[in-house]
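Chemist: Just so it is clear, I am handing over final_23.txt, which has compact mmCIF, C-alpha atoms.
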```
# COMPACT_ATOMS: atom_id res chain seq x y z
CA MET Q 18 0.00 0.00 0.00
CA SER Q 19 1.40 3.32 -0.90
CA SER Q 20 0.76 6.27 1.35
CA GLU Q 21 -0.21 8.39 -1.64
CA PRO Q 22 -3.93 9.02 -1.69
CA SER Q 23 -5.63 7.64 -4.74
CA PHE Q 24 -7.03 9.82 -7.47
CA LEU Q 25 -10.61 9.14 -6.44
CA THR Q 26 -10.30 9.92 -2.72
CA SER Q 27 -8.22 13.01 -3.29
CA ARG Q 28 -10.85 14.36 -5.68
CA LEU Q 29 -13.48 13.61 -3.07
CA GLU Q 30 -11.48 15.39 -0.40
CA GLU Q 31 -11.04 18.39 -2.63
CA ALA Q 32 -14.77 18.54 -3.25
CA LEU Q 33 -15.42 18.24 0.46
CA GLY Q 34 -13.05 21.10 1.18
CA TRP Q 35 -14.68 23.20 -1.50
CA ALA Q 36 -18.09 22.57 0.01
CA ARG Q 37 -16.90 23.24 3.53
CA LYS Q 38 -15.10 26.49 2.84
CA PHE Q 39 -18.13 28.03 1.16
CA SER Q 40 -20.61 27.03 3.85
CA ILE Q 41 -19.10 28.60 6.94
CA PHE Q 42 -21.58 28.77 9.76
CA GLN Q 43 -20.12 31.27 12.17
CA TYR Q 44 -20.67 31.83 15.84
CA PRO Q 45 -20.12 35.53 16.59
CA PHE Q 46 -18.88 35.90 20.17
CA VAL Q 47 -19.17 39.69 20.20
CA THR Q 48 -18.18 41.49 23.38
CA ALA Q 49 -17.01 44.96 22.45
CA CYS Q 50 -16.69 47.72 19.87
CA CYS Q 51 -15.24 45.41 17.20
CA GLY Q 52 -18.79 44.15 16.88
CA MET Q 53 -19.67 47.28 14.92
CA GLU Q 54 -17.07 46.40 12.32
CA TYR Q 55 -18.26 42.83 12.32
CA MET Q 56 -21.78 44.06 11.58
CA ALA Q 57 -20.48 46.32 8.83
CA THR Q 58 -18.75 43.33 7.27
CA ALA Q 59 -21.83 41.18 7.56
CA CYS Q 60 -24.18 43.74 6.03
CA SER Q 61 -24.84 44.39 2.38
CA HIS Q 62 -22.00 46.85 1.65
CA TYR Q 63 -19.31 44.25 2.15
CA ASP Q 64 -21.64 41.27 2.15
CA VAL Q 65 -19.91 38.39 3.83
CA ASP Q 66 -22.53 36.16 2.21
CA ARG Q 67 -20.44 36.26 -0.99
CA PHE Q 68 -18.02 33.97 0.82
CA GLY Q 69 -20.69 31.63 2.06
CA ALA Q 70 -20.37 32.90 5.61
CA GLY Q 71 -23.61 34.84 5.73
CA LEU Q 72 -25.45 32.77 8.29
CA PRO Q 73 -24.50 33.38 11.91
CA ARG Q 74 -25.73 30.54 14.10
CA PHE Q 75 -26.22 31.53 17.71
CA SER Q 76 -25.70 28.03 18.92
CA PRO Q 77 -22.21 26.54 19.17
CA ARG Q 78 -23.61 23.12 18.25
CA GLN Q 79 -24.52 24.34 14.78
CA SER Q 80 -21.49 26.42 13.92
CA ASP Q 81 -18.09 25.76 12.37
CA VAL Q 82 -16.16 28.96 12.98
CA LEU Q 83 -15.94 30.82 16.27
CA PHE Q 84 -15.54 34.55 15.68
CA VAL Q 85 -14.15 36.03 18.89
CA VAL Q 86 -14.89 39.72 18.43
CA GLY Q 87 -13.76 42.10 21.14
CA THR Q 88 -11.95 42.18 24.46
CA ILE Q 89 -12.07 39.03 26.56
CA SER Q 90 -11.76 39.47 30.30
CA HIS Q 91 -10.55 36.79 32.66
CA LYS Q 92 -14.03 36.57 34.09
CA MET Q 93 -15.45 35.77 30.68
CA ALA Q 94 -12.68 33.39 29.60
CA PRO Q 95 -14.22 30.20 31.02
CA VAL Q 96 -17.45 30.93 29.15
CA LEU Q 97 -15.55 31.33 25.89
CA VAL Q 98 -13.63 28.12 26.43
CA ARG Q 99 -16.88 26.32 27.21
CA ILE Q 100 -18.43 27.54 23.98
CA HIS Q 101 -15.37 26.43 22.04
CA GLU Q 102 -15.61 23.00 23.61
CA GLN Q 103 -19.28 22.76 22.74
CA MET Q 104 -18.65 23.26 19.03
CA ALA Q 105 -18.58 20.08 16.98
CA ASP Q 106 -15.51 19.18 14.90
CA PRO Q 107 -14.32 20.34 12.45
CA LYS Q 108 -14.08 23.80 13.99
CA TRP Q 109 -11.98 26.88 13.51
CA VAL Q 110 -11.37 30.02 15.54
CA VAL Q 111 -10.93 33.52 14.18
CA SER Q 112 -9.40 36.11 16.48
CA PHE Q 113 -11.04 39.38 15.44
CA GLY Q 114 -9.40 42.61 16.56
CA VAL Q 115 -6.16 43.30 18.34
CA CYS Q 116 -7.62 42.73 21.82
CA THR Q 117 -8.28 39.10 21.05
CA CYS Q 118 -4.92 38.73 19.26
CA THR Q 119 -2.63 40.10 21.98
CA GLY Q 120 -4.70 41.96 24.53
CA GLY Q 121 -4.20 45.19 22.58
CA PHE Q 122 -3.70 48.29 24.62
CA TYR Q 123 -5.17 46.58 27.68
CA ASP Q 124 -2.29 45.65 29.94
CA ASN Q 125 -4.07 45.24 33.23
CA TYR Q 126 -5.50 42.86 35.77
CA ALA Q 127 -8.75 42.14 33.98
CA THR Q 128 -7.97 41.31 30.36
CA VAL Q 129 -6.86 38.06 28.74
CA MET Q 130 -3.62 38.75 26.88
CA GLY Q 131 -4.72 37.16 23.62
CA ILE Q 132 -7.20 34.32 23.34
CA ASP Q 133 -4.47 32.02 22.03
CA THR Q 134 -3.48 31.63 25.67
CA ILE Q 135 -6.72 29.73 26.24
CA MET Q 136 -7.63 28.14 22.90
CA PRO Q 137 -6.12 27.38 19.49
CA VAL Q 138 -6.55 30.18 16.96
CA ASP Q 139 -6.55 29.69 13.18
CA VAL Q 140 -6.66 33.23 11.79
CA TYR Q 141 -5.63 36.46 13.47
CA ILE Q 142 -7.22 39.69 12.20
CA PRO Q 143 -5.51 42.56 14.03
CA GLY Q 144 -6.70 46.13 13.95
CA CYS Q 145 -8.52 48.36 16.36
CA PRO Q 146 -10.99 47.65 14.91
CA PRO Q 147 -10.02 45.94 11.63
CA ARG Q 148 -11.49 47.35 8.45
CA PRO Q 149 -14.03 45.15 6.68
CA GLU Q 150 -11.47 44.57 3.92
CA MET Q 151 -9.13 43.07 6.49
CA VAL Q 152 -11.93 40.88 7.81
CA LEU Q 153 -12.68 39.64 4.32
CA ASP Q 154 -8.98 39.01 3.76
CA GLY Q 155 -8.86 37.00 6.95
CA LEU Q 156 -11.94 35.11 5.91
CA MET Q 157 -10.35 34.20 2.58
CA LYS Q 158 -7.22 33.06 4.42
CA LEU Q 159 -9.44 30.88 6.55
CA GLN Q 160 -11.06 29.46 3.41
CA ASN Q 161 -7.65 28.61 2.00
CA LYS Q 162 -6.78 26.94 5.25
CA ILE Q 163 -9.96 24.88 5.24
CA GLN Q 164 -9.34 23.81 1.66
CA ASP Q 165 -5.72 22.95 2.39
CA GLN Q 166 -6.70 20.79 5.30
CA HIS Q 167 -8.53 18.59 2.85
CA MET Q 168 -5.58 18.29 0.49
CA GLY Q 169 -3.70 15.36 1.92
CA GLY Q 170 -4.96 15.99 5.43
CA LYS Q 171 -2.09 18.34 6.24
CA ARG Q 172 -2.20 21.59 8.09
CA PRO Q 173 -1.24 24.40 5.71
CA ALA Q 174 2.30 25.68 5.64
CA PRO Q 175 2.96 29.02 7.34
CA GLU Q 176 3.07 32.10 5.20
CA GLN Q 177 6.28 32.91 3.34
CA ARG Q 178 8.52 35.47 4.90
CA PRO Q 179 8.86 38.59 2.82
CA PRO Q 180 12.22 38.75 0.99
CA GLN Q 181 13.13 41.99 2.78
CA LEU Q 182 13.43 40.03 6.01
CA GLU Q 183 15.89 37.46 4.66
CA GLY Q 184 18.84 37.05 6.99
CA TYR Q 185 17.10 38.48 10.05
CA GLU Q 186 16.58 36.32 13.09
CA VAL Q 187 13.05 36.15 14.45
CA MET Y 7 -28.25 74.14 54.48
CA ASN Y 8 -25.17 75.47 52.84
CA ASN Y 9 -21.69 74.03 53.09
CA SER Y 10 -20.50 75.93 56.13
CA SER Y 11 -23.61 75.25 58.19
CA LEU Y 12 -23.47 71.56 57.24
CA ILE Y 13 -19.91 71.32 58.48
CA GLU Y 14 -20.73 73.33 61.56
CA SER Y 15 -23.67 71.22 62.64
CA VAL Y 16 -21.76 67.96 62.19
CA THR Y 17 -18.77 69.34 64.06
CA LYS Y 18 -20.97 70.64 66.87
CA ARG Y 19 -22.74 67.31 67.24
CA PHE Y 20 -19.56 65.19 67.15
CA PRO Y 21 -16.69 67.35 68.44
CA ASP Y 22 -14.56 64.29 69.20
CA GLY Y 23 -15.32 62.40 66.01
CA VAL Y 24 -14.53 65.14 63.51
CA SER Y 25 -10.81 65.58 62.99
CA ALA Y 26 -10.88 68.12 60.15
CA SER Y 27 -13.15 69.71 57.59
CA HIS Y 28 -12.80 71.77 54.46
CA THR Y 29 -14.64 73.07 51.46
CA TYR Y 30 -13.09 72.61 48.08
CA ARG Y 31 -14.58 73.60 44.71
CA GLY Y 32 -17.97 74.01 46.30
CA ASP Y 33 -18.17 70.66 48.05
CA ALA Y 34 -18.07 70.28 51.82
CA THR Y 35 -15.92 67.53 53.29
CA VAL Y 36 -15.77 66.29 56.86
CA VAL Y 37 -12.84 64.11 57.89
CA LEU Y 38 -13.91 61.63 60.55
CA GLN Y 39 -12.26 59.39 63.10
CA LEU Y 40 -12.66 55.73 62.31
CA ASP Y 41 -14.98 54.88 65.20
CA ALA Y 42 -17.28 57.87 64.69
CA LEU Y 43 -18.47 56.85 61.24
CA LEU Y 44 -21.60 54.88 62.09
CA GLU Y 45 -23.01 57.43 64.53
CA THR Y 46 -22.30 60.33 62.20
CA ALA Y 47 -23.93 58.53 59.30
CA ARG Y 48 -27.00 57.78 61.42
CA PHE Y 49 -27.16 61.44 62.41
CA LEU Y 50 -26.92 62.50 58.77
CA LYS Y 51 -29.72 60.19 57.81
CA GLU Y 52 -32.15 60.62 60.70
CA ASP Y 53 -31.72 64.22 61.78
CA PRO Y 54 -34.63 66.23 60.34
CA ALA Y 55 -32.37 69.13 59.45
CA MET Y 56 -30.02 66.83 57.53
CA GLU Y 57 -32.28 64.21 55.98
CA MET Y 58 -29.54 62.69 53.82
CA ASN Y 59 -31.65 59.95 52.30
CA PHE Y 60 -29.40 59.20 49.33
CA LEU Y 61 -26.01 57.52 49.60
CA VAL Y 62 -24.55 58.62 46.28
CA ASP Y 63 -21.28 56.75 46.32
CA VAL Y 64 -18.83 54.84 48.45
CA THR Y 65 -15.27 54.66 47.25
CA ALA Y 66 -11.76 54.59 48.62
CA VAL Y 67 -8.36 56.09 47.92
CA ASP Y 68 -4.94 54.53 48.34
CA TYR Y 69 -2.57 57.38 49.20
CA SER Y 70 0.53 55.22 49.49
CA ALA Y 71 1.96 56.46 46.17
CA PHE Y 72 0.51 59.96 46.37
CA GLY Y 73 2.93 62.63 45.22
CA LYS Y 74 5.75 60.12 44.74
CA GLY Y 75 5.38 59.39 41.06
CA SER Y 76 6.75 61.56 38.32
CA VAL Y 77 4.43 63.66 36.20
CA PRO Y 78 3.34 61.63 33.17
CA ALA Y 79 5.12 62.69 30.03
CA PHE Y 80 1.86 63.23 28.22
CA PHE Y 81 0.69 65.85 30.68
CA SER Y 82 4.03 67.60 30.97
CA SER Y 83 4.19 68.22 27.24
CA SER Y 84 0.52 68.88 26.56
CA GLY Y 85 0.21 72.01 28.66
CA VAL Y 86 -2.31 70.36 30.98
CA THR Y 87 -1.29 71.19 34.51
CA VAL Y 88 -1.43 68.41 37.06
CA ARG Y 89 -1.69 70.84 39.96
CA PRO Y 90 -3.50 74.15 39.79
CA SER Y 91 -1.22 77.03 39.06
CA PRO Y 92 -0.36 79.14 42.11
CA GLN Y 93 -1.25 82.23 40.08
CA ILE Y 94 -4.93 81.25 40.13
CA PRO Y 95 -6.39 82.57 43.39
CA ASP Y 96 -8.04 79.84 45.42
CA PRO Y 97 -9.55 80.98 48.73
CA ASP Y 98 -10.12 77.40 49.85
CA PRO Y 99 -7.17 75.32 48.69
CA TRP Y 100 -7.30 71.57 48.90
CA PRO Y 101 -5.62 70.63 52.19
CA GLY Y 102 -3.97 67.53 50.74
CA PRO Y 103 -4.14 63.87 51.68
CA PRO Y 104 -4.64 62.77 55.29
CA ASP Y 105 -1.46 62.38 57.32
CA LYS Y 106 -0.10 58.89 57.92
CA ALA Y 107 -3.23 57.07 56.76
CA ARG Y 108 -2.70 54.90 53.72
CA PHE Y 109 -6.37 54.34 52.89
CA ALA Y 110 -9.31 56.67 53.08
CA VAL Y 111 -12.90 55.60 52.52
CA VAL Y 112 -15.01 58.34 50.99
CA TYR Y 113 -18.79 58.62 51.30
CA HIS Y 114 -20.97 61.01 49.35
CA PHE Y 115 -24.38 61.83 50.80
CA TYR Y 116 -27.18 63.81 49.24
CA SER Y 117 -30.53 64.94 50.52
CA MET Y 118 -33.30 64.70 47.98
CA ALA Y 119 -35.55 66.90 50.09
CA LYS Y 120 -33.11 69.55 51.24
CA LYS Y 121 -30.90 69.54 48.13
CA HIS Y 122 -27.62 69.58 49.97
CA ARG Y 123 -24.71 67.22 49.83
CA LEU Y 124 -21.83 66.28 52.11
CA ARG Y 125 -18.72 64.18 51.73
CA LEU Y 126 -17.33 62.10 54.58
CA GLN Y 127 -13.72 61.01 54.49
CA VAL Y 128 -12.58 58.29 56.87
CA PRO Y 129 -8.81 57.74 56.93
CA ILE Y 130 -7.69 54.24 57.95
CA GLU Y 131 -4.19 53.98 59.34
CA ASP Y 132 -4.11 50.19 59.64
CA GLU Y 133 -2.32 49.05 56.49
CA THR Y 134 -2.35 45.30 57.02
CA SER Y 135 -6.03 44.77 57.83
CA PRO Y 136 -8.04 47.92 57.13
CA GLU Y 137 -11.51 47.76 58.60
CA VAL Y 138 -14.42 50.16 58.79
CA ASP Y 139 -18.05 49.90 59.87
CA SER Y 140 -20.60 48.96 57.25
CA LEU Y 141 -23.46 51.33 56.46
CA THR Y 142 -25.76 48.63 55.11
CA SER Y 143 -27.94 48.87 58.21
CA LEU Y 144 -28.77 52.48 57.32
CA TRP Y 145 -28.66 52.51 53.49
CA PRO Y 146 -29.34 49.11 51.87
CA GLY Y 147 -27.73 50.50 48.72
CA ALA Y 148 -24.38 50.50 50.48
CA ASN Y 149 -24.27 46.73 50.02
CA TRP Y 150 -22.88 46.58 46.49
CA LEU Y 151 -20.83 49.77 46.86
CA GLU Y 152 -19.01 48.34 49.86
CA ARG Y 153 -18.49 45.05 48.06
CA GLU Y 154 -16.82 46.96 45.25
CA VAL Y 155 -14.53 48.80 47.66
CA TRP Y 156 -13.62 45.49 49.28
CA ASP Y 157 -12.97 43.92 45.89
CA MET Y 158 -10.76 46.74 44.61
CA PHE Y 159 -9.02 47.90 47.81
CA GLY Y 160 -9.36 45.05 50.30
CA ILE Y 161 -11.03 47.16 52.97
CA VAL Y 162 -13.24 45.03 55.22
CA PHE Y 163 -16.64 46.39 56.19
CA ARG Y 164 -17.68 45.16 59.63
CA GLY Y 165 -21.30 44.06 59.73
CA HIS Y 166 -21.74 43.67 55.99
CA PRO Y 167 -24.21 40.82 55.32
CA ASP Y 168 -22.44 39.30 52.30
CA LEU Y 169 -18.97 40.70 51.79
CA LYS Y 170 -17.65 39.02 48.64
CA ARG Y 171 -16.17 40.17 45.34
CA ILE Y 172 -18.51 41.91 42.93
CA LEU Y 173 -16.40 42.86 39.90
CA MET Y 174 -13.65 40.25 39.88
CA TYR Y 175 -14.18 36.51 40.14
CA GLN Y 176 -13.89 34.65 43.42
CA GLU Y 177 -10.53 33.06 42.59
CA PHE Y 178 -8.86 36.43 41.98
CA GLU Y 179 -5.90 37.05 44.25
CA GLY Y 180 -5.15 40.50 45.57
CA HIS Y 181 -6.94 43.80 45.24
CA PRO Y 182 -6.13 45.46 41.93
CA LEU Y 183 -6.64 49.14 42.75
CA ARG Y 184 -4.10 49.08 45.56
CA LYS Y 185 -1.03 50.97 44.50
CA ASP Y 186 1.26 48.05 45.35
CA TYR Y 187 -0.61 45.69 43.04
CA PRO Y 188 1.79 44.87 40.17
CA VAL Y 189 0.50 46.22 36.88
CA ALA Y 190 1.79 43.26 34.90
CA LYS Y 191 0.50 40.60 37.29
CA ARG Y 192 -1.40 37.87 35.47
CA GLN Y 193 -4.25 35.96 37.04
CA PRO Y 194 -4.98 32.88 34.97
CA LEU Y 195 -8.39 31.60 35.93
CA ILE Y 196 -8.40 28.62 33.60
CA GLY Y 197 -4.74 28.61 32.77
CA PRO Y 198 -2.93 28.71 29.46
CA LEU Y 199 -3.11 25.73 27.17
CA ASN Y 200 0.60 25.02 27.14
```
Please rewrite the model in this file as structure tokens.
Modeler:
Amino acid sequence: MSSEPSFLTSRLEEALGWARKFSIFQYPFVTACCGMEYMATACSHYDVDRFGAGLPRFSPRQSDVLFVVGTISHKMAPVLVRIHEQMADPKWVVSFGVCTCTGGFYDNYATVMGIDTIMPVDVYIPGCPPRPEMVLDGLMKLQNKIQDQHMGGKRPAPEQRPPQLEGYEV
Amino acid sequence: MNNSSLIESVTKRFPDGVSASHTYRGDATVVLQLDALLETARFLKEDPAMEMNFLVDVTAVDYSAFGKGSVPAFFSSSGVTVRPSPQIPDPDPWPGPPDKARFAVVYHFYSMAKKHRLRLQVPIEDETSPEVDSLTSLWPGANWLEREVWDMFGIVFRGHPDLKRILMYQEFEGHPLRKDYPVAKRQPLIGPLN
């Protein structure tokens, strides 16, 4: 038996990925001002429905992507983790806004310093708040990631470093 | 009653309990001894000339870092003065923080009927276990306000029916508005993944 997937199953996987990435059922966990930008993205001007992500489901059991939109405090963190655990696989997490990415300008006793300290995150969309274009860019990156996960079952490779940074240590 | 007569009547009623008083920017303040708080508050509420039926706010101040920090760079360059300029005449200057006491609990009272207000300041010198009498027996609304002060400053209110945290979660350690609370201290409730 070779480890190479056969022609038939790889085509099937590709079709599955195609279907999955254009039927994103999102769970908006909106806590703060980034929610305004989320609404702007969802409404008709930017129309997130073009990417198949137009149906927010307000139940974690029915959703694929967790949109964490806005500042997460330590008091709220267990609730967020619980919701993430309640979502059925396959599931993805989008960190929307700089507060969820790193804590943002909050450096105090109350705020979680980035939700990646409490759960795995697939796409980071920084910005305070991010423009709808950035959100759509992040959504397309998430779609690529979903599709890539179906191509050979591998997690996608990290993004290429820009050539200007060649030779610099991270 | 106006500010001066408010201060005068409280001082006359409790000559031993009142340690200082002043008026600053139109608000009267009476500085009280620690053990005189409950009686003074009862007087303010039940005396027909006072009739302070509204406890506006209970808060506290930690003076341990007062005047020791440098002026923030933003204010020094923006032209915003941190202290009022000495050129501006002020007939009633602010007398400054209480001597020796690290904490001070501040009460704001208002009378809906008489339309006058008074501030009580109670300095607490005990740094390790600050305690003060609870006012929940007089104003039921003091319940949550005192819980907030306990949560943020760690000041215990004797006689409070249910003194527990109100803003932070129960597992939180320390009292974050104390000046010796480290700014960068992290309190993981559920812990990082790895």
Chemist: What separation in Å, quoted to one decimal, exists between CA of Leu83 in chain Q and CA of Ala32 in chain Q?
Modeler: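 Computed distance, CA of Leu83 in chain Q to CA of Ala32 in chain Q, equals 23.1 Å.
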Chemist: Residues of chain Q within 6 Å of chain Y, using all atoms listed in the file, as a PyMOL selection string?
Modeler: chain Q and resi 125+134-135
Chemist: Give me, as a list in words, all polymer residues having an atom no more than 9 Å from Ser90 in chain Q, counting only C-alpha atoms and skipping those fewer than 2 positions away in the same chain.
Modeler: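 Result of the neighbour search: Thr88, Lys92, Met93, Ala94, Tyr126, Ala127, Thr128, Val129 and Met130 of chain Q.
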Chemist: Quick check, in Å to one decimal: how far apart do CA of His114 in chain Y and CA of Ala47 in chain Y lie?
Modeler: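 It comes out at 10.7 Å.
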Chemist: For the atom pair CA of Thr117 in chain Q and CA of Tyr141 in chain Q, what is the interatomic distance in Å to one decimal place?
Modeler: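 Result for CA of Thr117 in chain Q versus CA of Tyr141 in chain Q: 8.5 Å, one decimal.
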Chemist: Could you pull the residues within 10 Å of Asp105 in chain Y, counting all atoms listed in the file, minus those fewer than 6 positions along the same chain, as a ChimeraX atom specification?
Modeler: /Y:69,129,131
Chemist: Tell me which protein, DNA and RNA residues are within 6 Å of Val64 in chain Y, counting only C-alpha atoms, leaving out same-chain ones fewer than 6 positions away, and put them as a list in words.
Modeler: Val112, Tyr113 and Leu151 of chain Y
Chemist: Which residues are near Pro137 in chain Q? Cut-off 10 Å, all atoms listed in the file, ignore same chain within fewer than 3 positions. Put them as a list in words.
Modeler: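 Within the cut-off, the hits are His101, Trp109, Val110, Val111, Ser112, Ile132, Asp133, Thr134 and Val140 of chain Q; Leu199 of chain Y.
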Chemist: Could you dump the residues just selected with C-alpha atoms as a compact mmCIF listing (two decimals), keeping the file's coordinate frame?
Modeler:
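Okay, again-v2.txt is ready:
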```txt
# COMPACT_ATOMS: atom_id res chain seq x y z
CA HIS Q 101 -15.37 26.43 22.04
CA TRP Q 109 -11.98 26.88 13.51
CA VAL Q 110 -11.37 30.02 15.54
CA VAL Q 111 -10.93 33.52 14.18
CA SER Q 112 -9.40 36.11 16.48
CA ILE Q 132 -7.20 34.32 23.34
CA ASP Q 133 -4.47 32.02 22.03
CA THR Q 134 -3.48 31.63 25.67
CA VAL Q 140 -6.66 33.23 11.79
CA LEU Y 199 -3.11 25.73 27.17
```
Chemist: Quick one: what's the axis-aligned box for range 25-44 of chain Q, all listed atoms, 5 Å on every side, centre and edges in Å to one decimal, as lines of an AutoDock Vina configuration file?
Modeler:
```
center_x = -14.9
center_y = 20.5
center_z = 4.7
size_x = 23.4
size_y = 32.7
size_z = 32.3
```
Chemist: Using all atoms listed in the file, which residue out of Y:Met158, Y:Leu144, Y:Pro104, Y:Ala71 lies closest to Ala26 in chain Y?
Modeler: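 Distance minimum relative to Ala26 in chain Y lands on Y:Pro104.
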Chemist: Which residue out of Y:Asn9, Y:Asn149, Y:Thr134, Y:Ser70 has the minimum interatomic distance to Val36 in chain Y when all atoms listed in the file are used?
Modeler: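 Among the listed residues, Y:Asn9 lies closest to Val36 in chain Y.
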Chemist: When you look at Asp139 in chain Q with a cut-off of 12 Å (counting only C-alpha atoms), what residues show up, excluding the ones that are within fewer than 5 positions of it in the same chain? I need them as a list in words.
Modeler: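 My reading of the contact set: Val82, Leu83, Phe84, Val85, Lys108, Trp109, Val110, Val111, Ser112, Phe113, Cys118, Ile132, Asp133, Gly155, Leu156, Lys158, Leu159, Gln160, Asn161, Lys162, Ile163, Gln166, Arg172, Pro173 and Pro175 of chain Q.
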Chemist: Calculated over only C-alpha atoms, which of the candidates Q:Asp64, Q:Met56, Q:Gln79, Q:Glu150 has the smallest distance to Asp106 in chain Q?
Modeler: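 Of Q:Asp64, Q:Met56, Q:Gln79, Q:Glu150, the one nearest Asp106 in chain Q is Q:Gln79, counting only C-alpha atoms.
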Chemist: Take range 98-109 of chain Y, bring it up to N, CA and C atoms, and give me the output as a CSV table (one decimal), in the coordinates of the input.
Modeler:
```csv
chain,number,residue,atom,x,y,z
Y,98,ASP,N,-10.1,78.6,49.1
Y,98,ASP,CA,-10.1,77.4,49.8
Y,98,ASP,C,-9.3,76.3,49.2
Y,99,PRO,N,-8.0,76.3,49.4
Y,99,PRO,CA,-7.2,75.3,48.7
Y,99,PRO,C,-7.4,73.9,49.3
Y,100,TRP,N,-7.1,73.0,48.4
Y,100,TRP,CA,-7.3,71.6,48.9
Y,100,TRP,C,-6.2,71.3,50.0
Y,101,PRO,N,-6.6,70.8,51.1
Y,101,PRO,CA,-5.6,70.6,52.2
Y,101,PRO,C,-4.7,69.5,52.0
Y,102,GLY,N,-4.9,68.6,51.0
Y,102,GLY,CA,-4.0,67.5,50.7
Y,102,GLY,C,-4.5,66.2,51.4
Y,103,PRO,N,-3.7,65.2,51.2
Y,103,PRO,CA,-4.1,63.9,51.7
Y,103,PRO,C,-4.0,63.8,53.2
Y,104,PRO,N,-4.7,62.9,53.8
Y,104,PRO,CA,-4.6,62.8,55.3
Y,104,PRO,C,-3.3,62.3,55.7
Y,105,ASP,N,-2.8,62.8,56.8
Y,105,ASP,CA,-1.5,62.4,57.3
Y,105,ASP,C,-1.5,60.9,57.7
Y,106,LYS,N,-0.4,60.2,57.4
Y,106,LYS,CA,-0.1,58.9,57.9
Y,106,LYS,C,-1.0,57.8,57.3
Y,107,ALA,N,-2.3,58.1,57.2
Y,107,ALA,CA,-3.2,57.1,56.8
Y,107,ALA,C,-2.9,56.7,55.3
Y,108,ARG,N,-2.9,55.4,55.1
Y,108,ARG,CA,-2.7,54.9,53.7
Y,108,ARG,C,-4.0,54.9,53.0
Y,109,PHE,N,-5.1,54.4,53.6
Y,109,PHE,CA,-6.4,54.3,52.9
Y,109,PHE,C,-7.3,55.4,53.4
```
